[in-house]
file start_9.cif (mmCIF, C-alpha atoms and all ligand atoms)
data_entry
#
loop_
_atom_site.label_atom_id
_atom_site.label_comp_id
_atom_site.auth_asym_id
_atom_site.auth_seq_id
_atom_site.Cartn_x
_atom_site.Cartn_y
_atom_site.Cartn_z
CA MET H 1 -28.34 -80.39 25.84
CA ALA H 2 -30.23 -77.10 25.62
CA GLN H 3 -31.61 -75.70 28.89
CA ASP H 4 -35.39 -75.99 29.31
CA LYS H 5 -36.70 -72.47 28.79
CA LYS H 6 -40.38 -73.45 29.13
CA ARG H 7 -42.29 -70.91 31.23
CA ASP H 8 -43.21 -72.00 34.70
CA VAL H 9 -46.76 -72.23 36.04
CA TYR H 10 -46.91 -70.89 39.60
CA LEU H 11 -48.68 -71.77 42.83
CA VAL H 12 -48.18 -69.11 45.50
CA ILE H 13 -48.73 -70.61 48.94
CA GLY H 14 -49.90 -67.90 51.31
CA GLY H 15 -50.92 -66.11 48.12
CA ASN H 16 -53.65 -64.12 49.87
CA GLY H 17 -51.25 -62.63 52.42
CA PHE H 18 -49.39 -59.31 52.26
CA LEU H 19 -46.27 -60.49 50.41
CA GLY H 20 -47.98 -63.40 48.64
CA ARG H 21 -50.55 -61.10 47.07
CA HIS H 22 -47.81 -58.85 45.62
CA ILE H 23 -46.07 -61.93 44.18
CA VAL H 24 -49.37 -63.07 42.62
CA GLN H 25 -49.96 -59.62 41.12
CA GLN H 26 -46.43 -59.32 39.69
CA LEU H 27 -46.74 -62.76 38.08
CA GLN H 28 -50.12 -61.78 36.62
CA GLU H 29 -48.70 -58.49 35.34
CA ARG H 30 -45.93 -60.24 33.41
CA GLY H 31 -48.45 -62.68 31.90
CA ASP H 32 -47.66 -65.83 33.88
CA ILE H 33 -50.20 -68.45 34.89
CA VAL H 34 -50.59 -68.29 38.67
CA SER H 35 -52.90 -69.67 41.37
CA ALA H 36 -53.05 -68.95 45.09
CA PHE H 37 -53.23 -71.42 47.98
CA ASP H 38 -54.19 -70.15 51.43
CA ILE H 39 -56.31 -70.82 54.49
CA VAL H 40 -58.21 -67.58 53.92
CA GLU H 41 -59.93 -66.39 50.75
CA ARG H 42 -59.59 -62.67 50.04
CA TYR H 43 -59.53 -62.07 46.27
CA ASN H 44 -61.53 -63.26 43.29
CA ASP H 45 -59.18 -62.34 40.45
CA VAL H 46 -56.95 -65.41 40.76
CA THR H 47 -57.62 -69.15 40.79
CA PHE H 48 -57.78 -70.02 44.47
CA TYR H 49 -57.24 -73.29 46.33
CA ALA H 50 -58.34 -73.27 49.96
CA GLY H 51 -56.18 -75.41 52.20
CA ASP H 52 -53.79 -75.73 55.09
CA ILE H 53 -50.13 -76.49 54.31
CA THR H 54 -50.01 -79.02 57.14
CA ASP H 55 -52.19 -81.25 54.95
CA GLN H 56 -49.92 -82.74 52.26
CA ASN H 57 -52.90 -84.11 50.29
CA SER H 58 -54.47 -80.68 50.13
CA VAL H 59 -51.24 -79.11 48.80
CA ALA H 60 -50.68 -81.99 46.33
CA SER H 61 -54.26 -81.69 45.08
CA ALA H 62 -53.78 -77.94 44.41
CA LEU H 63 -50.48 -78.66 42.66
CA ARG H 64 -52.12 -81.18 40.34
CA LYS H 65 -55.19 -79.05 39.59
CA SER H 66 -53.16 -75.88 38.98
CA GLY H 67 -50.58 -77.61 36.78
CA ALA H 68 -47.88 -75.83 38.78
CA THR H 69 -44.20 -76.30 38.01
CA CYS H 70 -42.96 -73.70 40.51
CA VAL H 71 -44.12 -73.25 44.10
CA ILE H 72 -43.51 -70.01 45.98
CA HIS H 73 -44.11 -70.74 49.67
CA THR H 74 -44.76 -67.59 51.72
CA ALA H 75 -47.18 -69.00 54.31
CA SER H 76 -46.43 -68.55 58.01
CA PRO H 77 -48.27 -67.54 61.16
CA LEU H 78 -47.60 -63.90 62.12
CA PRO H 79 -44.67 -63.52 64.57
CA GLY H 80 -46.95 -62.20 67.32
CA SER H 81 -49.28 -65.23 67.34
CA LYS H 82 -50.22 -66.03 70.97
CA ASP H 83 -50.37 -69.83 70.49
CA VAL H 84 -46.66 -70.68 70.11
CA THR H 85 -47.38 -74.29 69.13
CA ILE H 86 -48.70 -72.98 65.82
CA PHE H 87 -45.16 -72.03 64.71
CA HIS H 88 -43.86 -75.60 64.82
CA ARG H 89 -47.06 -76.97 63.31
CA VAL H 90 -47.18 -74.59 60.34
CA ASN H 91 -43.57 -73.56 59.74
CA VAL H 92 -41.89 -76.92 60.34
CA LYS H 93 -44.53 -79.63 59.80
CA GLY H 94 -46.32 -77.53 57.16
CA THR H 95 -43.11 -76.87 55.23
CA GLU H 96 -42.27 -80.57 55.45
CA ALA H 97 -45.68 -81.32 53.91
CA VAL H 98 -45.12 -78.72 51.16
CA ILE H 99 -41.76 -80.31 50.28
CA ALA H 100 -43.28 -83.80 50.27
CA ALA H 101 -46.15 -82.62 48.04
CA CYS H 102 -43.65 -80.98 45.65
CA VAL H 103 -41.63 -84.20 45.37
CA GLU H 104 -44.82 -86.27 45.01
CA CYS H 105 -45.99 -84.05 42.13
CA SER H 106 -42.56 -83.71 40.45
CA ILE H 107 -42.46 -79.94 40.94
CA ARG H 108 -39.35 -78.33 39.43
CA LYS H 109 -38.82 -75.36 41.72
CA LEU H 110 -39.57 -74.35 45.30
CA VAL H 111 -38.91 -70.78 46.46
CA PHE H 112 -39.27 -70.30 50.22
CA THR H 113 -39.73 -67.04 52.14
CA SER H 114 -37.57 -67.29 55.23
CA SER H 115 -36.77 -64.26 57.41
CA ALA H 116 -33.73 -62.17 58.33
CA GLY H 117 -34.76 -62.91 61.93
CA VAL H 118 -33.31 -66.43 61.64
CA ILE H 119 -29.81 -65.03 62.33
CA PHE H 120 -30.84 -62.49 64.99
CA ASN H 121 -29.87 -63.06 68.64
CA GLY H 122 -30.64 -59.62 69.99
CA GLU H 123 -27.09 -58.31 69.32
CA ASP H 124 -26.19 -55.81 66.61
CA ILE H 125 -25.62 -57.40 63.22
CA ILE H 126 -23.73 -55.39 60.64
CA ASN H 127 -23.17 -56.40 57.00
CA ALA H 128 -24.26 -60.00 57.54
CA ASP H 129 -24.72 -62.28 54.58
CA GLU H 130 -25.92 -65.85 54.08
CA ARG H 131 -22.77 -67.24 55.72
CA GLN H 132 -23.84 -65.89 59.12
CA PRO H 133 -24.72 -68.94 61.27
CA PHE H 134 -27.99 -69.36 63.13
CA PRO H 135 -27.59 -68.22 66.77
CA GLU H 136 -27.22 -70.95 69.40
CA VAL H 137 -30.23 -69.54 71.21
CA PRO H 138 -32.91 -68.40 68.76
CA MET H 139 -34.84 -65.22 69.50
CA ASP H 140 -38.22 -66.92 69.76
CA ALA H 141 -40.39 -69.76 68.43
CA TYR H 142 -41.20 -67.85 65.23
CA ASN H 143 -37.55 -67.35 64.25
CA GLU H 144 -36.48 -70.80 65.45
CA THR H 145 -39.12 -72.50 63.29
CA LYS H 146 -38.41 -70.23 60.31
CA SER H 147 -34.75 -71.35 60.46
CA GLN H 148 -35.81 -75.01 60.75
CA ALA H 149 -38.14 -74.60 57.76
CA GLU H 150 -35.39 -72.88 55.76
CA THR H 151 -33.00 -75.75 56.51
CA LEU H 152 -35.60 -78.31 55.40
CA VAL H 153 -36.15 -76.43 52.13
CA LEU H 154 -32.44 -76.13 51.35
CA GLU H 155 -31.80 -79.78 52.24
CA ALA H 156 -34.57 -80.78 49.84
CA ASN H 157 -32.60 -79.33 46.91
CA GLY H 158 -32.12 -82.08 44.35
CA LYS H 159 -34.73 -84.40 45.90
CA GLY H 160 -36.65 -85.94 42.99
CA GLY H 161 -35.22 -83.21 40.73
CA LEU H 162 -36.62 -80.40 42.90
CA LEU H 163 -34.57 -77.18 42.92
CA THR H 164 -34.92 -75.03 46.04
CA VAL H 165 -33.94 -71.58 47.27
CA ALA H 166 -34.74 -69.54 50.40
CA LEU H 167 -34.87 -65.76 50.74
CA ARG H 168 -34.49 -63.86 54.02
CA PRO H 169 -36.30 -60.54 53.89
CA ALA H 170 -35.97 -58.13 56.83
CA GLY H 171 -38.93 -55.87 57.69
CA ILE H 172 -41.35 -55.48 54.79
CA PHE H 173 -43.48 -52.37 54.27
CA GLY H 174 -45.96 -51.21 51.67
CA PRO H 175 -49.59 -51.51 50.58
CA LEU H 176 -51.64 -54.36 52.15
CA ASP H 177 -49.31 -54.60 55.18
CA ARG H 178 -51.25 -55.99 58.15
CA GLN H 179 -48.42 -55.99 60.66
CA ALA H 180 -45.86 -53.18 60.70
CA ILE H 181 -47.92 -50.00 60.44
CA SER H 182 -50.69 -51.31 62.71
CA SER H 183 -48.04 -52.13 65.36
CA PHE H 184 -46.54 -48.64 65.08
CA ALA H 185 -50.02 -47.10 65.34
CA LYS H 186 -50.79 -49.23 68.40
CA VAL H 187 -47.63 -47.97 70.13
CA PHE H 188 -48.77 -44.41 69.40
CA LEU H 189 -52.38 -45.00 70.46
CA ASP H 190 -51.25 -46.75 73.66
CA GLY H 191 -49.23 -43.62 74.52
CA LYS H 192 -45.91 -45.49 74.57
CA THR H 193 -43.99 -43.03 72.40
CA HIS H 194 -42.00 -41.57 75.34
CA PHE H 195 -39.97 -44.78 75.78
CA GLN H 196 -36.66 -45.13 73.96
CA ILE H 197 -34.60 -48.29 73.63
CA GLY H 198 -30.91 -47.61 72.93
CA ASP H 199 -29.36 -44.26 72.05
CA ASN H 200 -31.50 -43.60 68.97
CA THR H 201 -28.73 -44.53 66.52
CA ASN H 202 -29.76 -48.15 65.88
CA LEU H 203 -30.62 -49.02 62.32
CA PHE H 204 -33.05 -51.62 61.02
CA ASP H 205 -33.49 -52.93 57.48
CA TRP H 206 -36.79 -52.32 55.73
CA THR H 207 -37.59 -53.38 52.18
CA TYR H 208 -40.53 -52.26 50.07
CA VAL H 209 -42.91 -55.16 49.48
CA GLY H 210 -42.78 -54.75 45.68
CA ASN H 211 -39.01 -55.29 45.80
CA VAL H 212 -39.30 -58.36 48.04
CA ALA H 213 -41.92 -59.80 45.68
CA HIS H 214 -39.68 -59.04 42.68
CA ALA H 215 -36.79 -60.85 44.42
CA HIS H 216 -38.98 -63.97 44.63
CA LEU H 217 -39.71 -63.83 40.89
CA LEU H 218 -36.00 -63.40 40.13
CA ALA H 219 -35.09 -66.28 42.44
CA ALA H 220 -37.61 -68.51 40.67
CA ASP H 221 -36.36 -67.40 37.25
CA LYS H 222 -32.73 -68.12 38.13
CA LEU H 223 -33.46 -71.46 39.76
CA GLU H 224 -32.49 -73.59 36.80
CA THR H 225 -30.43 -76.72 36.52
CA PRO H 226 -26.95 -75.45 35.65
CA ALA H 227 -26.16 -75.92 31.97
CA PRO H 228 -23.81 -78.89 31.61
CA ALA H 229 -20.19 -78.04 30.88
CA PRO H 230 -19.38 -78.20 27.16
CA ALA H 231 -18.12 -81.56 25.96
CA LEU H 232 -14.36 -81.82 25.41
CA SER H 233 -14.92 -82.31 21.68
CA THR H 234 -16.75 -78.94 21.63
CA LEU H 235 -13.91 -77.28 23.53
CA SER H 236 -11.36 -78.47 20.98
CA GLU H 237 -13.40 -76.74 18.26
CA LEU H 238 -13.17 -73.35 19.99
CA PRO H 239 -10.88 -70.84 18.17
CA VAL H 240 -7.42 -70.74 19.73
CA SER H 241 -5.95 -67.31 20.35
CA THR H 242 -2.68 -66.73 18.49
CA ASP H 243 -1.81 -63.63 20.56
CA ASP H 244 1.21 -63.94 22.84
P1 LIG H 301 -49.23 -62.58 55.99
O1 LIG H 301 -49.81 -63.07 57.28
O2 LIG H 301 -49.83 -61.36 55.41
O3 LIG H 301 -49.26 -63.73 54.88
C1 LIG H 301 -49.13 -65.09 55.19
C2 LIG H 301 -50.26 -65.85 54.51
O4 LIG H 301 -50.10 -67.23 54.83
C3 LIG H 301 -51.67 -65.44 55.04
O5 LIG H 301 -52.52 -65.14 53.96
C4 LIG H 301 -52.14 -66.67 55.80
O6 LIG H 301 -53.54 -66.87 55.72
C5 LIG H 301 -51.37 -67.78 55.10
N1 LIG H 301 -51.22 -68.94 55.96
C6 LIG H 301 -50.85 -68.96 57.26
N2 LIG H 301 -50.87 -70.21 57.73
C7 LIG H 301 -51.23 -71.02 56.70
C8 LIG H 301 -51.43 -72.42 56.56
N3 LIG H 301 -51.28 -73.23 57.60
N4 LIG H 301 -51.78 -72.91 55.35
C9 LIG H 301 -51.97 -72.07 54.29
N5 LIG H 301 -51.82 -70.73 54.37
C10 LIG H 301 -51.45 -70.21 55.56
O7 LIG H 301 -47.67 -62.40 56.26
P2 LIG H 301 -46.57 -61.67 55.34
O8 LIG H 301 -46.13 -60.47 56.08
O9 LIG H 301 -47.05 -61.54 53.95
O10 LIG H 301 -45.39 -62.72 55.40
C11 LIG H 301 -45.13 -63.59 54.31
C12 LIG H 301 -43.86 -64.36 54.58
O11 LIG H 301 -42.78 -63.44 54.71
C13 LIG H 301 -43.88 -65.18 55.87
O12 LIG H 301 -43.26 -66.43 55.60
C14 LIG H 301 -43.05 -64.37 56.83
O13 LIG H 301 -42.39 -65.22 57.77
C15 LIG H 301 -42.06 -63.71 55.89
N6 LIG H 301 -41.51 -62.45 56.37
C16 LIG H 301 -42.32 -61.38 56.57
C17 LIG H 301 -41.78 -60.18 56.99
C18 LIG H 301 -42.63 -58.95 57.20
O14 LIG H 301 -42.09 -57.91 57.64
N7 LIG H 301 -43.91 -58.97 56.89
C19 LIG H 301 -40.39 -60.09 57.22
C20 LIG H 301 -39.59 -61.22 57.00
C21 LIG H 301 -40.15 -62.39 56.57
#

call {"tool": "encode", "arguments": {"input": "start_9.cif", "output": "structure tokens"}}
result
Amino acid sequence: MAQDKKRDVYLVIGGNGFLGRHIVQQLQERGDIVSAFDIVERYNDVTFYAGDITDQNSVASALRKSGATCVIHTASPLPGSKDVTIFHRVNVKGTEAVIAACVECSIRKLVFTSSAGVIFNGEDIINADERQPFPEVPMDAYNETKSQAETLVLEANGKGGLLTVALRPAGIFGPLDRQAISSFAKVFLDGKTHFQIGDNTNLFDWTYVGNVAHAHLLAADKLETPAPAPALSTLSELPVSTDD
């Protein structure tokens, strides 16, 4: 059976945020059909659905109206949010609602933006990959709920034919950033630049937002049902090498 090469139609959840906006723009630039779903409206050059991910009906309605086949879910409260209950509500319950809406609407693909922070416990981490376990004691409510959301997304793989993947970016920088540079500037403006933590040799991963957005497009593109293995009858027709 030939693999379905039909182009996806995208709904970017959190599509008016820093990373989400870059994903929307890259999809537009390559000629894909894309809509944005968010609690805030910021742009008028993309079909926009206003809604909160904790409301499954609202997500399902946007999925139906947009004709989406692929959901890219980037929505999350910012790590510094003062009301810690918001992390569980949006990251865990909201992601649960997104998954349920995807299954309800027979969505093919769900790409989730997790965070490198899900494996951080305050100790140095060198050359970690996806096999690194979550720490027993998570850093904070943001990272704990991002790891719970990631687990929910990965466990939903195969549910009703849904294919899922999660990406874990580290720090993201670039145009439209509302978090990193303003935090650095605040440290400077508050006169806190004479404090040093560690011996000044620590490293931290940063990735340009355009590259993180591109990774999401690649993840969506590669998220296909594996081609079935060739039938035995086909194998027997393959040319047999006569070389010793
Ligand atoms: P952002 O705040 O700019 O974007 C998030 C978007 O989600 C916002 O537009 C916000 O309005 C929307 N949103 C929040 N709650 C919502 C809800 N309940 N329903 C619908 N929309 C909602 O943040 P960002 O920096 O673009 O982060 C995007 C994703 O990347 C997040 O999942 C974050 O955890 C992850 N991440 C970010 C960084 C970073 O350095 N910025 C690093 C690692 C992971």

call {"tool": "atom_distance", "arguments": {"input": "start_9.cif", "atom1": "CA of Gln56 in chain H", "atom2": "atom C7 of ligand LIG 301 (chain H)"}}
result
12.6 Å

call {"tool": "residues_near_ligand", "arguments": {"input": "start_9.cif", "ligand": "ligand LIG 301 (chain H)", "cutoff": "9 Å", "atoms": "all atoms listed in the file", "output": "ChimeraX atom specification"}}
result
/H:13-22,37-42,50-55,59,73-79,86,89-91,94,112-117,142-143,146,167-173,176-180,206-207,209

call {"tool": "atom_distance", "arguments": {"input": "start_9.cif", "atom1": "CA of Ser106 in chain H", "atom2": "CA of Gly160 in chain H"}}
result
6.8 Å

call {"tool": "closest_residue", "arguments": {"input": "start_9.cif", "among": "H:Phe184, H:Gly198, H:Val24, H:Pro230", "to": "Glu123 in chain H", "atoms": "only C-alpha atoms"}}
result
H:Gly198

call {"tool": "atom_distance", "arguments": {"input": "start_9.cif", "atom1": "CA of Tyr10 in chain H", "atom2": "CA of Asp205 in chain H"}}
result
28.7 Å

call {"tool": "closest_residue", "arguments": {"input": "start_9.cif", "among": "H:Arg64, H:Glu150, H:Ser35, H:Gly174", "to": "Gly210 in chain H", "atoms": "all atoms listed in the file"}}
result
H:Gly174

call {"tool": "residues_around", "arguments": {"input": "start_9.cif", "residues": "Met139 in chain H", "least_positions_apart": "6", "cutoff": "10 Å", "atoms": "only C-alpha atoms", "output": "JSON, numbers by chain"}}
result
{"H": [117, 118, 119, 120, 121, 122]}

call {"tool": "axis_aligned_box", "arguments": {"input": "start_9.cif", "around": "range 215-222 of chain H", "padding_each_side": "4 Å", "output": "JSON"}}
result
{"center_x": -36.2, "center_y": -64.7, "center_z": 40.9, "size_x": 15.0, "size_y": 15.7, "size_z": 15.4}

call {"tool": "residues_around", "arguments": {"input": "start_9.cif", "residues": "Val165 in chain H", "least_positions_apart": "5", "cutoff": "7 Å", "atoms": "all atoms listed in the file", "output": "PDB file with C-alpha atoms, in the frame of the given file"}}
result
ATOM      1  CA  LEU H 110     -39.570 -74.350  45.300  1.00  0.00           C
ATOM      2  CA  VAL H 111     -38.910 -70.780  46.460  1.00  0.00           C
ATOM      3  CA  PHE H 112     -39.270 -70.300  50.220  1.00  0.00           C
ATOM      4  CA  LEU H 154     -32.440 -76.130  51.350  1.00  0.00           C
TER       5      LEU H 154
END

call {"tool": "closest_residue", "arguments": {"input": "start_9.cif", "among": "H:Ile181, H:Ala68, H:Val187, H:Ala101", "to": "Lys159 in chain H", "atoms": "only C-alpha atoms"}}
result
H:Ala101

call {"tool": "residues_around", "arguments": {"input": "start_9.cif", "residues": "Leu223 in chain H", "least_positions_apart": "6", "cutoff": "12 Å", "atoms": "all atoms listed in the file", "output": "ChimeraX atom specification"}}
result
/H:3-5,8,69-72,108-111,157-158,161-166,216-217

call {"tool": "closest_residue", "arguments": {"input": "start_9.cif", "among": "H:Thr193, H:Ala60, H:Thr145, H:Thr201", "to": "Val84 in chain H", "atoms": "all atoms listed in the file"}}
result
H:Thr145

call {"tool": "build_atoms", "arguments": {"input": "start_9.cif", "residues": "range 132-144 of chain H", "atoms": "N, CA and C atoms", "output": "PDB file, keeping the file's coordinate frame"}}
result
ATOM      1  N   GLN H 132     -23.648 -66.083  57.674  1.00  0.00           N
ATOM      2  CA  GLN H 132     -23.840 -65.890  59.120  1.00  0.00           C
ATOM      3  C   GLN H 132     -24.592 -67.093  59.705  1.00  0.00           C
ATOM      4  N   PRO H 133     -24.027 -67.752  60.735  1.00  0.00           N
ATOM      5  CA  PRO H 133     -24.720 -68.940  61.270  1.00  0.00           C
ATOM      6  C   PRO H 133     -25.958 -68.575  62.069  1.00  0.00           C
ATOM      7  N   PHE H 134     -26.844 -69.558  62.241  1.00  0.00           N
ATOM      8  CA  PHE H 134     -27.990 -69.360  63.130  1.00  0.00           C
ATOM      9  C   PHE H 134     -27.446 -69.188  64.555  1.00  0.00           C
ATOM     10  N   PRO H 135     -28.071 -68.346  65.387  1.00  0.00           N
ATOM     11  CA  PRO H 135     -27.590 -68.220  66.770  1.00  0.00           C
ATOM     12  C   PRO H 135     -27.851 -69.501  67.551  1.00  0.00           C
ATOM     13  N   GLU H 136     -27.010 -69.736  68.586  1.00  0.00           N
ATOM     14  CA  GLU H 136     -27.220 -70.950  69.400  1.00  0.00           C
ATOM     15  C   GLU H 136     -28.555 -70.906  70.114  1.00  0.00           C
ATOM     16  N   VAL H 137     -28.918 -69.703  70.559  1.00  0.00           N
ATOM     17  CA  VAL H 137     -30.230 -69.540  71.210  1.00  0.00           C
ATOM     18  C   VAL H 137     -31.085 -68.640  70.318  1.00  0.00           C
ATOM     19  N   PRO H 138     -32.092 -69.226  69.665  1.00  0.00           N
ATOM     20  CA  PRO H 138     -32.910 -68.400  68.760  1.00  0.00           C
ATOM     21  C   PRO H 138     -33.718 -67.362  69.537  1.00  0.00           C
ATOM     22  N   MET H 139     -34.107 -66.306  68.853  1.00  0.00           N
ATOM     23  CA  MET H 139     -34.840 -65.220  69.500  1.00  0.00           C
ATOM     24  C   MET H 139     -36.162 -65.696  70.090  1.00  0.00           C
ATOM     25  N   ASP H 140     -36.887 -66.485  69.320  1.00  0.00           N
ATOM     26  CA  ASP H 140     -38.220 -66.920  69.760  1.00  0.00           C
ATOM     27  C   ASP H 140     -38.684 -68.076  68.864  1.00  0.00           C
ATOM     28  N   ALA H 141     -39.875 -68.582  69.159  1.00  0.00           N
ATOM     29  CA  ALA H 141     -40.390 -69.760  68.430  1.00  0.00           C
ATOM     30  C   ALA H 141     -40.587 -69.442  66.942  1.00  0.00           C
ATOM     31  N   TYR H 142     -41.005 -68.222  66.640  1.00  0.00           N
ATOM     32  CA  TYR H 142     -41.200 -67.850  65.230  1.00  0.00           C
ATOM     33  C   TYR H 142     -39.883 -67.982  64.465  1.00  0.00           C
ATOM     34  N   ASN H 143     -38.828 -67.330  64.973  1.00  0.00           N
ATOM     35  CA  ASN H 143     -37.550 -67.350  64.250  1.00  0.00           C
ATOM     36  C   ASN H 143     -36.896 -68.731  64.263  1.00  0.00           C
ATOM     37  N   GLU H 144     -37.046 -69.452  65.375  1.00  0.00           N
ATOM     38  CA  GLU H 144     -36.480 -70.800  65.450  1.00  0.00           C
ATOM     39  C   GLU H 144     -37.125 -71.702  64.380  1.00  0.00           C
TER      40      GLU H 144
END
